[in-house]
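**Q** Pasting a structure here, questions to come.
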Amino acid sequence: MKFEIGDKVVIKHSSEEADVVEIINKEMVMVEIRGVKFPVYNDQLDYPYYKRFTEKKLFPEKEKPKAKTFIDQVPRDKVTSKTKQPDGVWLMFLPIFGTDLFGDEVVDLLKVHLINGTAHGFKFDYTASFLGIPEFQLKNEIFNNQSFYLHDIDFEKINDSPVFDIEFSLMNPDKKKAEFFETSLKLRTKQVFNKIEEIKLKNEPSFQFKLMDDYPDAVKEEKLELTKLANSGFKIYEASKARQNLDPPRFSIDLHMEKLTDRWQNMSSFEILTLQLKEFEKFFDLSVAHRQPSLIVVHGLGSGKLRDEIHEILRHKKEVKTFVNQYHSSYGYGATEIYFQY
């Protein structure tokens with residue numbers, strides 16, 4: 001089914017009507033509901049004509065005569081209040097249930113919502129990654145006391161080590177508040193299954209994880225007494241000339257233990273890994289300080305533990321644009337190439 005810009009569509013799982021505002025690719029379009037835009041797969045959409053036809057009755061029912069109501073039977077008006085979101089900011093997961101071939105109830109999808117129960121409105125940058133690969137990204141805004149639909153996740157993807165990274169900043173900047181706030185949520189398969197069993201027992205529709213209690217205040221910079229530091233033997237440099245006093249840049253580093261220390265044979269596996277990661281962090285920071293475009297980290301093959309630890313660190317470094325572990329003429333598959341962004 002092919003949609004075009006301007007088409008009226010219905011989101012199958014929520015039965016909400018939306019407008020197609022952008023064609024992303026052959027499989028996805030961008031839709032808009034009440035001013036909120038988000039991407040949707042084509043197979044999650046339908047044209048609204050069938051929905052409207054089934055909702056509209058061909059022959060209006062005859063109105064039944066209303067029974068007389070006496071004054072003492074009229075119920076008192078109930079005072080209603082606006083629904084308040086839970087305190088803090090949460091990532092909420094709404095399971096969509098179906099049945100398998102044997103008629104057993106199973107979860108087909110998880111609908112992901114962002115809930116803002118704070119007094120602030122936020123701009124947010126959201127990324128969902130599976131097996132370390134970003135598969136869904138969205139930048140938008142969420143007002144205070146609002147729930148925002150993000151996207152759907154096939155339930156099978158829960159086995160692919162999902163990680164949800166979100167960066168928040170205030171819609172109305174405040175000097176007393178932090179410039180931005182980053183947080184990350186990692187889900188484990190067993191953790192999700194336990195949550196689903198829990199909401200079934202409590203007869204609740206969804207489960208959620210708190211991302212923050214409230215937006216943090218700005219960190220006050222402590223002023224250092226430079227004269228006392230200089231008298232104590234510390235070298236004081238001008239900030240504008242700091243790069244001139246750094247160690248020279250290195251565009252490749254070798255983390256094999258024989259390159260790092262002569263005493264490696266007497267070290268435990270934990271001590272070896274700790275030293276290698278410390279050396280990696282040192283030269284990563286040096287590369288960033290020199291604003292290098294790239295860095296090659298030679299970690300070797302072995303069991304792959306060092307490589308995996310380095311890749312996990314790189315996924316959370318905002319200076320990293322991308323990294324790749326592919327065949328290199330000099331290192332084979334034993335090196336990772338890192339490309340920076342500033």
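Residues are referred to by chain and number: the chain letter is A, B, ... according to the order shown in the structure tokens, the number counts from 1 in that chain, and ligands are numbered separately from 1 in the order shown.
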Need the shell around stretch 287-298 of chain A: protein/DNA/RNA residues with any atom at most 6 Å away, counting only C-alpha atoms. Skip same-chain ones fewer than 3 positions apart. Format as a PyMOL selection string?
**A** chain A and resi 251-255+284+335-340
**Q** Would you put the residues from that selection into a file with C-alpha atoms, as an mmCIF file, in the first residue's frame?
**A**
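File written: part36.cif
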```
data_model
loop_
_atom_site.group_PDB
_atom_site.id
_atom_site.type_symbol
_atom_site.label_atom_id
_atom_site.label_comp_id
_atom_site.auth_asym_id
_atom_site.auth_seq_id
_atom_site.Cartn_x
_atom_site.Cartn_y
_atom_site.Cartn_z
ATOM 1 C CA PHE A 251 46.576 8.542 15.586
ATOM 2 C CA SER A 252 46.920 4.872 16.552
ATOM 3 C CA ILE A 253 47.466 3.128 19.890
ATOM 4 C CA ASP A 254 48.440 -0.491 20.542
ATOM 5 C CA LEU A 255 46.861 -2.038 23.651
ATOM 6 C CA PHE A 284 40.860 8.817 23.658
ATOM 7 C CA ALA A 335 41.608 -2.953 15.417
ATOM 8 C CA THR A 336 38.720 -0.493 15.708
ATOM 9 C CA GLU A 337 38.692 2.801 13.794
ATOM 10 C CA ILE A 338 37.013 5.718 15.593
ATOM 11 C CA TYR A 339 35.755 8.852 13.783
ATOM 12 C CA PHE A 340 35.088 11.948 15.879
#
```
**Q** As a ChimeraX atom specification, list the residues of stretch 104-287 of chain A assigned to strand (DSSP E) by DSSP on the backbone atoms of this structure.
**A** /A:105-116,122-130,133-142,146-154,163-170,181-186,207-212,252-254
**Q** Using only C-alpha atoms, which residues of stretch 93-131 of chain A come within 12 Å of stretch 188-211 of chain A, and what is the closest atom pair for each, with the distance in Å to one decimal? Give it as a tab-separated table, sorted by chain and residue number.
**A**
```
residue	atom	partner	partner_atom	distance
A:Phe93	CA	A:Phe207	CA	5.5
A:Leu94	CA	A:Ser206	CA	4.6
A:Pro95	CA	A:Ser206	CA	6.5
A:Ile96	CA	A:Pro205	CA	9.3
A:Phe97	CA	A:Pro205	CA	10.6
A:Glu105	CA	A:Lys200	CA	11.5
A:Val106	CA	A:Ile196	CA	10.5
A:Val107	CA	A:Ile196	CA	9.1
A:Leu110	CA	A:Ser206	CA	9.3
A:Lys111	CA	A:Ser206	CA	9.3
A:Val112	CA	A:Gln208	CA	9.4
A:His113	CA	A:Gln208	CA	9.1
A:Leu114	CA	A:Gln208	CA	9.4
A:Ile115	CA	A:Gln208	CA	9.3
A:Asn116	CA	A:Leu211	CA	9.9
A:Gly117	CA	A:Lys210	CA	10.5
A:Thr118	CA	A:Leu211	CA	11.7
A:Phe130	CA	A:Arg188	CA	11.7
```
**Q** How many Å lie between atom CA of A:Arg263 and atom CA of A:Gly304, rounded to one decimal?
**A** 22.2 Å
**Q** Find the residues around A:Gln341 up to 8 Å (only C-alpha atoms counted), leave out those fewer than 5 positions away in its own chain, and share them as a list of chain:residue names.
**A**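 Counting only C-alpha atoms, the residues come to A:Pro293, A:Glu319, A:Val320, A:Lys321.
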**Q** Please dump the current selection as a PDB file, in the first residue's frame; keep N, CA, C and O atoms.
**A**
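Dumped everything to selection_36.pdb:
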```pdb
ATOM      1  N   PRO A 293      40.564  13.993  13.830  1.00  0.00           N
ATOM      2  CA  PRO A 293      39.420  13.471  13.063  1.00  0.00           C
ATOM      3  C   PRO A 293      39.172  11.993  13.312  1.00  0.00           C
ATOM      4  O   PRO A 293      38.044  11.519  13.173  1.00  0.00           O
ATOM      5  N   GLU A 319      31.434  12.514  21.645  1.00  0.00           N
ATOM      6  CA  GLU A 319      32.389  12.975  20.626  1.00  0.00           C
ATOM      7  C   GLU A 319      32.544  11.977  19.480  1.00  0.00           C
ATOM      8  O   GLU A 319      33.146  12.304  18.454  1.00  0.00           O
ATOM      9  N   VAL A 320      31.991  10.752  19.630  1.00  0.00           N
ATOM     10  CA  VAL A 320      32.158   9.716  18.618  1.00  0.00           C
ATOM     11  C   VAL A 320      31.052   9.824  17.572  1.00  0.00           C
ATOM     12  O   VAL A 320      29.873   9.730  17.892  1.00  0.00           O
ATOM     13  N   LYS A 321      31.443  10.043  16.334  1.00  0.00           N
ATOM     14  CA  LYS A 321      30.472  10.053  15.244  1.00  0.00           C
ATOM     15  C   LYS A 321      30.124   8.635  14.828  1.00  0.00           C
ATOM     16  O   LYS A 321      28.960   8.281  14.679  1.00  0.00           O
TER      17      LYS A 321
END
```
**Q** What does the structure give for the distance between atom CA of A:Gly132 and atom CA of A:Arg315, in Å to one decimal?
**A**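 These two atoms are separated by 7.4 Å.
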**Q** Could you name the residues that touch stretch 1-15 of chain A at 12 Å or less, counting only C-alpha atoms, but leaving out those on the same chain fewer than 4 positions away, as a short mmCIF file (atom, residue, chain, number, x, y, z; two decimals) with N, CA, C and O atoms, in the first residue's frame?
**A**
```
data_model
loop_
_atom_site.label_atom_id
_atom_site.label_comp_id
_atom_site.auth_asym_id
_atom_site.auth_seq_id
_atom_site.Cartn_x
_atom_site.Cartn_y
_atom_site.Cartn_z
N ASP A 19 -2.42 12.72 9.45
CA ASP A 19 -2.13 13.22 8.10
C ASP A 19 -0.71 12.82 7.73
O ASP A 19 0.21 12.95 8.55
N VAL A 20 -0.51 12.34 6.52
CA VAL A 20 0.83 12.04 6.01
C VAL A 20 1.49 13.36 5.60
O VAL A 20 0.97 14.07 4.74
N VAL A 21 2.63 13.70 6.23
CA VAL A 21 3.29 14.98 5.95
C VAL A 21 4.64 14.81 5.26
O VAL A 21 5.21 15.78 4.77
N GLU A 22 5.18 13.57 5.25
CA GLU A 22 6.49 13.36 4.62
C GLU A 22 6.66 11.89 4.28
O GLU A 22 6.23 11.02 5.05
N ILE A 23 7.27 11.60 3.13
CA ILE A 23 7.62 10.23 2.76
C ILE A 23 9.08 10.01 3.15
O ILE A 23 9.98 10.63 2.60
N ILE A 24 9.33 9.13 4.12
CA ILE A 24 10.69 8.88 4.61
C ILE A 24 11.42 7.93 3.67
O ILE A 24 12.53 8.18 3.23
N ASN A 25 10.81 6.78 3.38
CA ASN A 25 11.35 5.80 2.44
C ASN A 25 10.21 4.90 1.98
O ASN A 25 9.04 5.21 2.22
N LYS A 26 10.53 3.79 1.32
CA LYS A 26 9.50 2.90 0.80
C LYS A 26 8.67 2.25 1.91
O LYS A 26 7.53 1.83 1.67
N GLU A 27 9.25 2.16 3.11
CA GLU A 27 8.57 1.45 4.19
C GLU A 27 8.00 2.37 5.27
O GLU A 27 7.18 1.94 6.06
N MET A 28 8.41 3.65 5.31
CA MET A 28 8.00 4.53 6.40
C MET A 28 7.55 5.89 5.89
O MET A 28 8.04 6.37 4.86
N VAL A 29 6.62 6.50 6.61
CA VAL A 29 6.18 7.86 6.35
C VAL A 29 6.17 8.62 7.67
O VAL A 29 6.14 8.03 8.75
N MET A 30 6.17 9.95 7.59
CA MET A 30 6.03 10.80 8.76
C MET A 30 4.58 11.27 8.81
O MET A 30 4.03 11.77 7.81
N VAL A 31 3.93 11.06 9.96
CA VAL A 31 2.54 11.48 10.11
C VAL A 31 2.44 12.54 11.19
O VAL A 31 3.34 12.72 12.01
N GLU A 32 1.30 13.25 11.21
CA GLU A 32 1.07 14.32 12.18
C GLU A 32 -0.29 14.14 12.81
O GLU A 32 -1.29 13.94 12.12
N ILE A 33 -0.32 14.18 14.16
CA ILE A 33 -1.57 14.13 14.91
C ILE A 33 -1.58 15.30 15.89
O ILE A 33 -0.72 15.41 16.75
N PHE A 38 5.58 12.15 13.97
CA PHE A 38 6.39 10.98 14.30
C PHE A 38 6.35 10.00 13.13
O PHE A 38 5.38 9.97 12.36
N PRO A 39 7.41 9.18 12.96
CA PRO A 39 7.47 8.22 11.84
C PRO A 39 6.68 6.95 12.15
O PRO A 39 6.63 6.50 13.29
N VAL A 40 6.08 6.36 11.11
CA VAL A 40 5.30 5.13 11.25
C VAL A 40 5.58 4.26 10.03
O VAL A 40 5.70 4.75 8.90
N TYR A 41 5.67 2.93 10.25
CA TYR A 41 5.79 2.00 9.14
C TYR A 41 4.47 1.93 8.37
O TYR A 41 3.38 2.02 8.96
N ASN A 42 4.55 1.74 7.05
CA ASN A 42 3.36 1.71 6.21
C ASN A 42 2.38 0.62 6.62
O ASN A 42 1.16 0.80 6.54
N ASP A 43 2.92 -0.53 7.07
CA ASP A 43 2.02 -1.63 7.40
C ASP A 43 1.27 -1.39 8.71
O ASP A 43 0.41 -2.19 9.09
N GLN A 44 1.58 -0.29 9.41
CA GLN A 44 0.84 0.06 10.62
C GLN A 44 -0.27 1.07 10.32
O GLN A 44 -0.96 1.52 11.24
N LEU A 45 -0.42 1.42 9.04
CA LEU A 45 -1.40 2.43 8.64
C LEU A 45 -2.48 1.84 7.74
O LEU A 45 -2.28 0.81 7.09
N ASP A 46 -3.61 2.51 7.69
CA ASP A 46 -4.69 2.13 6.79
C ASP A 46 -5.44 3.39 6.41
O ASP A 46 -5.32 4.43 7.07
N TYR A 47 -6.21 3.32 5.32
CA TYR A 47 -7.06 4.45 4.95
C TYR A 47 -8.28 4.49 5.87
O TYR A 47 -8.76 3.44 6.33
N PRO A 48 -8.82 5.67 6.17
CA PRO A 48 -9.88 5.78 7.17
C PRO A 48 -11.28 5.41 6.68
O PRO A 48 -12.20 5.39 7.47
N TYR A 49 -11.42 5.09 5.38
CA TYR A 49 -12.76 4.93 4.85
C TYR A 49 -13.49 3.75 5.48
O TYR A 49 -14.67 3.82 5.83
N TYR A 50 -12.79 2.62 5.65
CA TYR A 50 -13.44 1.44 6.24
C TYR A 50 -13.84 1.74 7.68
O TYR A 50 -14.92 1.37 8.12
N LYS A 51 -12.94 2.40 8.43
CA LYS A 51 -13.24 2.74 9.82
C LYS A 51 -14.48 3.62 9.90
O LYS A 51 -15.38 3.39 10.71
N ARG A 52 -14.56 4.66 9.04
CA ARG A 52 -15.72 5.56 9.07
C ARG A 52 -16.99 4.83 8.66
O ARG A 52 -18.06 5.07 9.21
N GLU A 55 -18.22 2.65 11.48
CA GLU A 55 -18.71 3.42 12.61
C GLU A 55 -20.07 4.05 12.32
O GLU A 55 -20.86 4.28 13.20
N LEU A 94 3.68 0.22 26.68
CA LEU A 94 2.31 -0.31 26.65
C LEU A 94 2.29 -1.58 25.81
O LEU A 94 2.41 -1.52 24.59
N PRO A 95 2.15 -2.77 26.43
CA PRO A 95 2.12 -4.01 25.67
C PRO A 95 0.82 -4.15 24.86
O PRO A 95 -0.26 -3.88 25.37
N ILE A 96 0.96 -4.58 23.60
CA ILE A 96 -0.19 -4.88 22.76
C ILE A 96 -0.25 -6.40 22.62
O ILE A 96 0.66 -7.03 22.07
N PHE A 97 -1.31 -7.01 23.15
CA PHE A 97 -1.42 -8.46 23.21
C PHE A 97 -2.13 -9.02 21.98
O PHE A 97 -2.98 -8.37 21.37
N GLY A 98 -1.75 -10.24 21.61
CA GLY A 98 -2.39 -11.00 20.56
C GLY A 98 -2.43 -12.46 20.97
O GLY A 98 -2.19 -12.80 22.13
N ASP A 108 2.65 -8.85 21.17
CA ASP A 108 3.12 -8.61 19.80
C ASP A 108 4.00 -7.37 19.72
O ASP A 108 5.03 -7.37 19.05
N LEU A 109 3.58 -6.30 20.38
CA LEU A 109 4.27 -5.02 20.28
C LEU A 109 4.38 -4.36 21.65
O LEU A 109 3.62 -4.66 22.57
N LEU A 110 5.33 -3.44 21.75
CA LEU A 110 5.41 -2.52 22.87
C LEU A 110 5.32 -1.10 22.31
O LEU A 110 6.14 -0.70 21.48
N LYS A 111 4.30 -0.36 22.73
CA LYS A 111 4.18 1.05 22.32
C LYS A 111 4.93 1.88 23.36
O LYS A 111 4.68 1.78 24.56
N TYR A 149 3.70 10.00 22.47
CA TYR A 149 3.95 8.71 21.82
C TYR A 149 5.23 8.80 20.99
O TYR A 149 5.40 9.72 20.18
N HIS A 151 7.18 5.55 19.49
CA HIS A 151 7.18 4.58 18.41
C HIS A 151 6.77 3.22 18.95
O HIS A 151 6.53 3.05 20.15
N ASP A 152 6.69 2.22 18.04
CA ASP A 152 6.39 0.83 18.42
C ASP A 152 7.65 -0.01 18.31
O ASP A 152 8.53 0.25 17.48
#
```
**Q** Can you pull out the residues contacting stretch 165-172 of chain A? Cut-off 6 Å, using only C-alpha atoms, and skip same-chain residues under 6 positions away; I want them as a list in words.
**A**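 Listed by chain and then number, they are Gly121, Phe122, Lys123, Phe124, Asp125, Tyr126, Thr127, Phe180, Phe181, Glu182, Thr183 and Ser184 of chain A.
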**Q** For a test of reading the model, state the distance in Å between atom CA of A:Gln146 and atom CA of A:Val89, rounded to one decimal.
**A**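 If I compute the distance from atom CA of A:Gln146 to atom CA of A:Val89, I get 10.0 Å.
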